[in-house]
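What follows is a short report on a single structure.
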Amino acid sequence: MKHLKLNECFGKQGKTLSLLSFLFIGASLAPAANVNGKTGGTNYYVNNRRVYVYAPNSIQANRPLLISMHGRSQDINYQKEHAQWELVADTANFVVAYPQGNNNSWDISGSSDLNFLVSIIKKISEDYQIDETRVYLSGFSMGGMMTYHAMNNIPDYFAAFAPVSGYQFGSTNPNPSTRPLPLMHTHGTSDDVVGYNGVASVIDAWQKHNNCQSKETSKINNCATRTTYSDGDCGADVVLNSLPNKGHWHSNDEACMHSSREIWRFVSRYSTQCSNIEVPDVPQSPYNGTPAVLPGKIEAEEFDFGGEGKAYHDTDRQNRNGGDRNEGVDMSNTAIGYTQKGEWLKYTINVEKTGVYTMSAYVASGSDGSSFMLYLDDEPITGEVAVPNTGDWSTYTTVTETVGTLTEGEHVLKLAITGDWVDMDYMRFAPANTTGVEAVGANAVISNGEYEVYDVLGTRLKNCTVVDGKFNLDHGVYLLKSLKTNKVVKVVVSKNN
């Protein structure tokens with residue numbers, strides 16, 4: 001994961017910030033006293049033009065602003081309906097502005113709408129005390145063309161840019177005096193209004209302008225193709241999301257790619273400062289505010305807060321699995337995936353009672369050789385746990401491993417990937433059956449003979465003798481272990497037998 005720092009690459013100065021300020025998505029925050037703007041949706045009039053502003057109820061000072069522009073012959077309501085930025089803002093806690101173009105159009109060659117955008121930033125900053133180093137610009141169709149126009153003419157007002165289905169016709173060359181700019185362009189491959197075949201030259205021009213050194217291609221939900229140009233000046237990546245068989249619309253297709261969420265994940269990494277800032281020490285802390293309790297279930301995607309190198313390690317900084325959580329881990333909202341050897345995640349846990357435990361993990365893999373290990377306070381508590389090839393990554397199975405004695409109290413559990421491509425939904429920890437044998441059905445035939453009697457947690461109670469199917473036990477549920485065969489029978493006694 002790359003971070004941001006103040007650098008001579010950028011002309012506009014601002015406060016030094018941590019990218020990890022985005023970690024606490026969805027936290028309930030009391031509105032700051034110096035935020036004067038209303039929460040929810042509000043109509044503003046800037047330069048006598050309407051701007052619809054949305055601020056979550058939890059908004060505070062020093063949060064980002066994203067401006068989303070509609071296409072030609074469209075309006076604010078159309079853009080709101082299709083981009084759905086309010087849903088993202090509610091969880092990530094930032095302000096959204098939808099400006100109205102003059103005559104439902106934008107001035108993509110002159111200065112009138114450039115001045116309008118600057119005025120919007122100033123007005124919203126007055127009422128919401130936004131962090132002006134984290135203002136982002138996005139737009140659909142002609143709004144995307146306006147986004148590129150702003151990139152070349154007023155770049156220092158914005159930290160990152162995300163046009164959708166729109167680019168300027170004619171010259172694709174960035175202004176040579178423009179600083180390296182983070183750019184994510186999203187476009188349907190079947191767009192018959194602003195053709196997809198014109199995107200490549202635009203992306204090529206900007207990745208060269210940013211002096212990007214690396215190129216990587218990946219898939220989102222096995223659907224959209226993402227091409228990422230990285231390792232350029234100031235950490236300013238250039239990304240193209242190609243949506244197969246999508247036409248000229250803002251696609252928030254959950255099955256393929258939710259464009260607004262992917263845009264937010266990208267732009268929220270940037271400020272108008274350069275890469276590699278010194279990040280303040282953000283403490284590792286439990287995802288739900290309190291440690292996960294054992295015995296119990298740990299959701300794989302609910303790893304600790306704390307960021308790269310502290311709460312997790314991932315081989316790249318992108319989330320390739322479509323979840324809402326703004327981290328570099330590849331995860332959906334219900335599981336982790338795209339895991340590779342050497343990656344790991346940490347979970348703060350609280351063991352309620354010292355004892356021997358078993359761990360059952362609900363996992364999937366479409367490959368051979370997938371595996372993981374568990375550590376407690378950096379000491380191994382399992383060997384490599386093999387994950388079978390289940391045929392594909394949507395077919396899950398359960399693997400079980402005894403983890404030995406866990407001591408009462410708070411610990412840090414580490415899940416380490418030791419073989420590529422483990423998908424994991426959850427881990428469940430339960431007290432081990434210390435009888436050492438497997439129980440059989442409750443209605444099994446009980447043969448005559450001597451038995452050891454255990455309770456359902458595996459605690460030995462006494463011996464008993466079975467004669468003609470009869471034995472002397474109070475009502476309850478028991479495990480009877482034959483002293484002759486070691487076979488265990490589960491019995492339910494409704495009255496004295």
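Residues are named by chain letter and number: chains run A, B, ... in the order of the structure tokens, numbers start at 1 in each chain, and ligands are numbered from 1 in the order shown.
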Run DSSP on the backbone of this structure and report the residues of stretch 173-396 of chain A it assigns to strand (DSSP E), as a ChimeraX atom specification. /A:183-188,214-220,224-230,238-243,252-253,257-258,274-275,292-294,296-299,312-313,344-351,355-364,370-376,379-380,385-387
Please, which residues in stretch 201-258 of chain A fall within 8 Å of stretch 121-143 of chain A when counting only C-alpha atoms, and what is the closest atom pair and distance in Å to one decimal for each, ordered by chain then residue number, as CSV?
residue,atom,partner,partner_atom,distance
A:His248,CA,A:Ser141,CA,7.8
A:Trp249,CA,A:Phe140,CA,7.8
A:His250,CA,A:Phe140,CA,6.8
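Relative to atom CA of A:Ala200, atom CA of A:Thr147 is found at 16.9 Å.
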Selection near A:Asn288, 9 Å with only C-alpha atoms, sequence-local residues under 4 positions removed, as an mmCIF file with N, CA, C and O atoms, in the first residue's frame:
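Result went into selection-v4.cif, see below:
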data_model
loop_
_atom_site.group_PDB
_atom_site.id
_atom_site.type_symbol
_atom_site.label_atom_id
_atom_site.label_comp_id
_atom_site.auth_asym_id
_atom_site.auth_seq_id
_atom_site.Cartn_x
_atom_site.Cartn_y
_atom_site.Cartn_z
ATOM 1 N N ALA A 292 -12.920 -10.677 19.426
ATOM 2 C CA ALA A 292 -13.792 -11.813 19.125
ATOM 3 C C ALA A 292 -13.687 -12.826 20.261
ATOM 4 O O ALA A 292 -12.593 -13.096 20.762
ATOM 5 N N GLU A 302 -13.365 -9.800 9.007
ATOM 6 C CA GLU A 302 -13.402 -8.873 10.138
ATOM 7 C C GLU A 302 -12.066 -8.868 10.877
ATOM 8 O O GLU A 302 -12.000 -8.940 12.107
ATOM 9 N N ASP A 304 -8.458 -7.129 12.164
ATOM 10 C CA ASP A 304 -8.271 -5.917 12.961
ATOM 11 C C ASP A 304 -8.065 -4.677 12.102
ATOM 12 O O ASP A 304 -7.613 -4.759 10.956
#
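Counting only C-alpha atoms and comparing A:Arg50, A:His82, A:His185, A:Lys208, the residue that lies closest to A:Pro99 is A:Arg50.
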